[in-house]
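Engineer: Just query-v8.json, nothing more (JSON, C-alpha atoms):
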[["chain", "number", "residue", "atom", "x", "y", "z"],
["A", 19, "MET", "CA", 3.23, 4.08, 5.62],
["A", 20, "ALA", "CA", 4.91, 0.67, 5.31],
["A", 21, "SER", "CA", 3.91, -0.40, 8.84],
["A", 22, "SER", "CA", 0.24, 0.51, 8.29],
["A", 23, "ASN", "CA", 0.30, -1.46, 5.04],
["A", 24, "ARG", "CA", 1.80, -4.42, 6.83],
["A", 25, "VAL", "CA", -0.81, -4.17, 9.57],
["A", 26, "LEU", "CA", -3.59, -4.04, 6.98],
["A", 27, "ALA", "CA", -2.08, -6.98, 5.13],
["A", 28, "LEU", "CA", -1.82, -8.90, 8.40],
["A", 29, "VAL", "CA", -5.46, -8.11, 9.26],
["A", 30, "ILE", "CA", -6.58, -9.30, 5.83],
["A", 31, "ALA", "CA", -4.51, -12.46, 6.24],
["A", 32, "VAL", "CA", -5.96, -13.12, 9.71],
["A", 33, "VAL", "CA", -9.54, -12.58, 8.48],
["A", 34, "LEU", "CA", -8.88, -14.89, 5.57],
["A", 35, "ALA", "CA", -7.34, -17.48, 7.88],
["A", 36, "VAL", "CA", -10.37, -17.38, 10.19],
["A", 37, "VAL", "CA", -12.82, -17.68, 7.30],
["A", 38, "LEU", "CA", -10.82, -20.51, 5.79],
["A", 39, "ALA", "CA", -10.51, -22.28, 9.14],
["A", 40, "VAL", "CA", -14.29, -22.20, 9.67],
["A", 41, "ALA", "CA", -14.95, -23.42, 6.15],
["A", 42, "ALA", "CA", -12.30, -26.15, 6.43],
["A", 43, "ALA", "CA", -13.73, -27.43, 9.73],
["A", 44, "GLU", "CA", -17.17, -27.83, 8.17],
["A", 45, "MET", "CA", -15.93, -29.49, 4.97],
["A", 46, "GLU", "CA", -13.28, -32.05, 5.95],
["A", 47, "ALA", "CA", -14.74, -34.68, 3.63],
["A", 48, "GLU", "CA", -14.65, -32.45, 0.54],
["A", 49, "GLU", "CA", -11.28, -32.65, -1.25],
["A", 50, "SER", "CA", -12.39, -30.24, -3.96],
["A", 51, "LEU", "CA", -13.13, -27.62, -1.29],
["A", 52, "GLN", "CA", -9.68, -28.14, 0.18],
["A", 53, "ASP", "CA", -8.22, -27.47, -3.24],
["A", 54, "THR", "CA", -10.33, -24.30, -3.43],
["A", 55, "VAL", "CA", -9.03, -23.21, -0.03],
["A", 56, "LYS", "CA", -5.44, -23.82, -1.11],
["A", 57, "THR", "CA", -6.05, -21.86, -4.30],
["A", 58, "LEU", "CA", -7.58, -18.96, -2.36],
["A", 59, "LYS", "CA", -4.66, -18.92, 0.07],
["A", 60, "GLY", "CA", -2.27, -18.82, -2.83],
["A", 61, "GLN", "CA", -4.20, -16.03, -4.50],
["A", 62, "VAL", "CA", -4.32, -13.95, -1.32],
["A", 63, "SER", "CA", -0.60, -14.48, -0.76],
["A", 64, "ALA", "CA", 0.12, -13.45, -4.33],
["A", 65, "LEU", "CA", -2.09, -10.35, -3.95],
["A", 66, "LEU", "CA", -0.34, -9.35, -0.73],
["A", 67, "GLU", "CA", 3.07, -9.83, -2.34],
["A", 68, "ARG", "CA", 1.99, -7.71, -5.32],
["A", 69, "ARG", "CA", 0.73, -4.95, -2.98],
["A", 70, "GLN", "CA", 4.05, -4.90, -1.11],
["A", 71, "GLU", "CA", 5.97, -4.75, -4.39],
["A", 72, "ASP", "CA", 3.68, -1.95, -5.64],
["A", 73, "TYR", "CA", 4.31, 0.08, -2.49],
["A", 74, "ARG", "CA", 8.06, -0.46, -2.76],
["A", 75, "LEU", "CA", 8.03, 0.65, -6.41],
["A", 76, "LEU", "CA", 5.87, 3.68, -5.58],
["A", 77, "GLU", "CA", 8.27, 4.74, -2.84],
["A", 78, "GLN", "CA", 11.25, 4.30, -5.15],
["A", 79, "SER", "CA", 9.50, 6.25, -7.90],
["A", 80, "LEU", "CA", 8.76, 9.13, -5.52],
["A", 81, "ARG", "CA", 12.41, 9.27, -4.47],
["A", 82, "ASN", "CA", 13.57, 9.26, -8.08],
["A", 83, "THR", "CA", 11.07, 11.96, -9.02],
["A", 84, "LEU", "CA", 12.20, 14.24, -6.22],
["A", 85, "GLU", "CA", 15.89, 13.64, -6.98],
["A", 86, "LYS", "CA", 15.46, 14.27, -10.71],
["A", 87, "SER", "CA", 13.13, 17.20, -10.37],
["A", 88, "SER", "CA", 14.12, 20.01, -12.70],
["A", 89, "GLU", "CA", 13.02, 22.52, -10.08],
["A", 90, "LEU", "CA", 15.42, 20.98, -7.60],
["A", 91, "ALA", "CA", 18.24, 21.16, -10.16],
["A", 92, "ALA", "CA", 17.36, 24.80, -10.87],
["A", 93, "LEU", "CA", 17.37, 25.55, -7.15],
["A", 94, "LYS", "CA", 20.79, 23.94, -6.79],
["A", 95, "THR", "CA", 22.09, 25.95, -9.73],
["A", 96, "ASP", "CA", 20.70, 29.19, -8.29],
["A", 97, "LEU", "CA", 22.22, 28.38, -4.92],
["A", 98, "ASP", "CA", 25.59, 27.73, -6.53],
["A", 99, "LYS", "CA", 25.37, 31.07, -8.38],
["A", 100, "LEU", "CA", 24.52, 32.83, -5.15],
["A", 101, "ARG", "CA", 27.50, 31.26, -3.42],
["A", 102, "GLN", "CA", 29.79, 32.42, -6.25],
["A", 103, "ASP", "CA", 28.38, 35.95, -6.03],
["A", 104, "VAL", "CA", 29.07, 36.01, -2.29],
["A", 105, "ARG", "CA", 32.67, 34.82, -2.80],
["A", 106, "THR", "CA", 33.45, 37.43, -5.46],
["A", 107, "SER", "CA", 32.03, 40.31, -3.50],
["A", 108, "THR", "CA", 34.83, 42.46, -2.00],
["A", 109, "ALA", "CA", 33.02, 45.06, -0.01],
["A", 110, "ARG", "CA", 31.89, 44.08, 3.48],
["A", 111, "LYS", "CA", 28.54, 45.75, 3.03],
["A", 112, "ASN", "CA", 27.93, 43.91, -0.22],
["A", 113, "ASP", "CA", 28.96, 40.68, 1.49],
["A", 114, "GLN", "CA", 26.48, 41.27, 4.29],
["A", 115, "LEU", "CA", 23.65, 42.15, 1.92],
["A", 116, "ALA", "CA", 24.41, 39.17, -0.30],
["A", 117, "ALA", "CA", 24.52, 36.84, 2.70],
["A", 118, "GLN", "CA", 21.18, 38.15, 3.92],
["A", 119, "TRP", "CA", 19.70, 37.71, 0.47],
["A", 120, "VAL", "CA", 21.09, 34.17, 0.17],
["A", 121, "THR", "CA", 19.72, 33.26, 3.57],
["A", 122, "ALA", "CA", 16.29, 34.61, 2.71],
["A", 123, "SER", "CA", 16.33, 32.89, -0.68],
["A", 124, "VAL", "CA", 17.43, 29.59, 0.80],
["A", 125, "SER", "CA", 14.74, 29.83, 3.47],
["A", 126, "GLU", "CA", 12.11, 30.57, 0.84],
["A", 127, "LEU", "CA", 13.38, 27.76, -1.35],
["A", 128, "ARG", "CA", 13.36, 25.32, 1.56],
["A", 129, "ALA", "CA", 9.82, 26.34, 2.43],
["A", 130, "GLU", "CA", 8.71, 25.89, -1.17],
["A", 131, "LEU", "CA", 10.54, 22.58, -1.46],
["A", 132, "LEU", "CA", 8.92, 21.33, 1.75],
["A", 133, "GLU", "CA", 5.51, 22.43, 0.52],
["A", 134, "LEU", "CA", 6.10, 20.70, -2.81],
["A", 135, "ALA", "CA", 7.29, 17.52, -1.10],
["A", 136, "ARG", "CA", 4.30, 17.52, 1.27],
["A", 137, "ALA", "CA", 1.85, 17.99, -1.57],
["A", 138, "HIS", "CA", 3.52, 15.26, -3.59],
["A", 139, "ASN", "CA", 3.56, 12.87, -0.60],
["A", 140, "GLU", "CA", -0.06, 13.57, 0.24],
["A", 141, "SER", "CA", -1.09, 12.93, -3.32],
["A", 142, "ALA", "CA", 0.84, 9.68, -3.46],
["A", 143, "GLU", "CA", -0.52, 8.57, -0.09],
["A", 144, "ARG", "CA", -4.09, 9.30, -1.20],
["A", 145, "ALA", "CA", -3.58, 7.32, -4.37],
["A", 146, "ALA", "CA", -2.05, 4.43, -2.42],
["A", 147, "ARG", "CA", -4.88, 4.47, 0.11],
["A", 148, "ASN", "CA", -7.47, 4.51, -2.65],
["A", 149, "ASP", "CA", -5.75, 1.59, -4.35],
["A", 150, "LEU", "CA", -5.59, -0.28, -1.07],
["A", 151, "ARG", "CA", -9.27, 0.41, -0.33],
["A", 152, "THR", "CA", -10.26, -0.76, -3.79],
["A", 153, "GLN", "CA", -8.20, -3.92, -3.45],
["A", 154, "ALA", "CA", -9.55, -4.56, 0.05],
["A", 155, "ARG", "CA", -13.13, -4.18, -1.20],
["A", 156, "GLN", "CA", -12.42, -6.59, -4.03],
["A", 157, "ASP", "CA", -10.84, -9.03, -1.60],
["A", 158, "VAL", "CA", -13.84, -8.82, 0.72],
["A", 159, "VAL", "CA", -16.22, -9.46, -2.17],
["A", 160, "SER", "CA", -14.13, -12.45, -3.24],
["A", 161, "LEU", "CA", -14.00, -13.78, 0.30],
["A", 162, "ARG", "CA", -17.74, -13.40, 0.74],
["A", 163, "ALA", "CA", -18.39, -15.26, -2.49],
["A", 164, "ALA", "CA", -16.00, -18.04, -1.44],
["A", 165, "HIS", "CA", -17.63, -18.22, 1.98],
["A", 166, "GLN", "CA", -21.13, -18.42, 0.47],
["A", 167, "LEU", "CA", -20.00, -21.19, -1.87],
["A", 168, "ALA", "CA", -18.42, -23.06, 1.02],
["A", 169, "ALA", "CA", -21.56, -22.65, 3.14],
["A", 170, "LYS", "CA", -23.73, -23.92, 0.28],
["A", 171, "LYS", "CA", -21.53, -26.98, -0.22],
["A", 172, "CYS", "CA", -21.50, -27.60, 3.50],
["A", 173, "ALA", "CA", -25.31, -27.48, 3.61],
["A", 174, "GLU", "CA", -25.49, -29.89, 0.67],
["A", 175, "THR", "CA", -23.09, -32.24, 2.42],
["A", 176, "ARG", "CA", -25.16, -32.11, 5.59],
["A", 177, "GLN", "CA", -28.31, -32.91, 3.63],
["A", 178, "GLN", "CA", -26.58, -35.86, 2.00],
["A", 179, "VAL", "CA", -25.17, -37.09, 5.31],
["A", 180, "SER", "CA", -28.46, -36.78, 7.26],
["A", 181, "PRO", "CA", -30.54, -39.32, 5.23],
["A", 182, "THR", "CA", -27.61, -41.71, 5.12],
["A", 183, "THR", "CA", -27.16, -41.55, 8.89],
["A", 184, "MET", "CA", -30.86, -42.13, 9.48],
["A", 185, "GLN", "CA", -30.86, -45.20, 7.19],
["A", 186, "ASP", "CA", -27.81, -46.61, 8.97],
["A", 187, "ASP", "CA", -29.55, -46.22, 12.32],
["A", 188, "GLY", "CA", -32.66, -47.94, 11.02],
["A", 189, "LEU", "CA", -34.81, -44.87, 11.44],
["A", 190, "THR", "CA", -36.14, -44.69, 7.89],
["A", 191, "ALA", "CA", -38.70, -46.99, 6.44]]
Go ahead and express the file in the form of structure tokens.
Structural biologist:
Amino acid sequence: MASSNRVLALVIAVVLAVVLAVAAAEMEAEESLQDTVKTLKGQVSALLERRQEDYRLLEQSLRNTLEKSSELAALKTDLDKLRQDVRTSTARKNDQLAAQWVTASVSELRAELLELARAHNESAERAARNDLRTQARQDVVSLRAAHQLAAKKCAETRQQVSPTTMQDDGLTA
């Protein structure tokens, strides 16, 4: 999960870097656009850092939830009781029956615990993916808006530069 998040974060950073590089190459003369680019880089870095922190906190929360689960405590208590029952049993037949019952119970409990953990993990992963998709969509919208603004300013700069260049060359009347 962490490596796919890192890969996605890296892809977002690379896309942002490419978009920013194109915009920066077209707008070298515009200091205000450079400030905008720096601000956007900072914002993207901050967003990526927040995402990583969110994922770390989510993972820690899941661990804590599983460790503190009352069902898990009840299962441990039941298992301890079963172990005590097996120890106190004196007859061999009773020992064998109790051991079989404990084994079956533990197997059932493990299966239920695994199923519970899988369901919990799947739910958390879906929520994390949805959050990541939402954030990625928002980032794309922001990047598109920034790119459109940069393209507009670039076009304006070109229009301003073109008449000036023609006057300098003596081409205008």
Engineer: Show me, as an NGL selection string, the residues that have an atom within 12 Å of Val25 of chain A when counting only C-alpha atoms, minus same-chain residues fewer than 6 positions from it.
Structural biologist: :A and (19 or 31-32 or 66 or 70)
Engineer: Write out the residues from the selection above, keeping C-alpha atoms, as a short mmCIF file (atom, residue, chain, number, x, y, z; two decimals), in the frame of the given file.
Structural biologist:
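Now in again-v7.cif:
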data_model
loop_
_atom_site.label_atom_id
_atom_site.label_comp_id
_atom_site.auth_asym_id
_atom_site.auth_seq_id
_atom_site.Cartn_x
_atom_site.Cartn_y
_atom_site.Cartn_z
CA MET A 19 3.23 4.08 5.62
CA ALA A 31 -4.51 -12.46 6.24
CA VAL A 32 -5.96 -13.12 9.71
CA LEU A 66 -0.34 -9.35 -0.73
CA GLN A 70 4.05 -4.90 -1.11
#
Engineer: To one decimal place, how far is atom CA of Arg68 of chain A from atom CA of Asp157 of chain A in Å?
Structural biologist: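 Value for the atom CA of Arg68 of chain A-atom CA of Asp157 of chain A distance: 13.4 Å.
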Engineer: Point out the residue among A:Ser160, A:Thr83, A:Gln61, A:Ser21 with the least atom-to-atom distance to Ala142 of chain A, counting only C-alpha atoms.
Structural biologist: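 Closest to Ala142 of chain A of all the choices is A:Thr83.
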Engineer: Find the spatial neighbours of Leu127 of chain A, counting all atoms listed in the file, within a cut-off of 10 Å - ignore same-chain residues fewer than 3 positions away - and output them as a VMD selection string.
Structural biologist: chain A and resid 90 93 to 94 97 121 to 124 130 to 133
Engineer: Which residues are close to Asp72 of chain A, i.e. within 12 Å by all atoms listed in the file, leaving aside same-chain residues fewer than 6 positions away? Reply as number ranges by chain.
Structural biologist: A: 20, 23, 65-66, 78-79, 145-146, 149-150
Engineer: Report, in Å with one decimal, the straight-line distance from atom CA of Ser125 of chain A to atom CA of Arg144 of chain A.
Structural biologist: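 Straight-line distance from atom CA of Ser125 of chain A to atom CA of Arg144 of chain A works out to 28.2 Å.
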Engineer: Can you work out the spacing between atom CA of Glu174 of chain A and atom CA of Leu58 of chain A in Å, to one decimal?
Structural biologist: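 Atom-to-atom, atom CA of Glu174 of chain A to atom CA of Leu58 of chain A, that is 21.2 Å.
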Engineer: Can you work out which one of A:Leu100, A:Leu80, A:Ala163, A:Val55 has the shortest atom-to-atom distance to Trp119 of chain A, counting all atoms listed in the file?
Structural biologist: A:Leu100
Engineer: Pick the closest to Glu77 of chain A from A:Arg136, A:Val62, A:Val33, A:Glu143: which is it, counting all atoms listed in the file?
Structural biologist: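 Nearest candidate to Glu77 of chain A out of A:Arg136, A:Val62, A:Val33, A:Glu143: A:Glu143.
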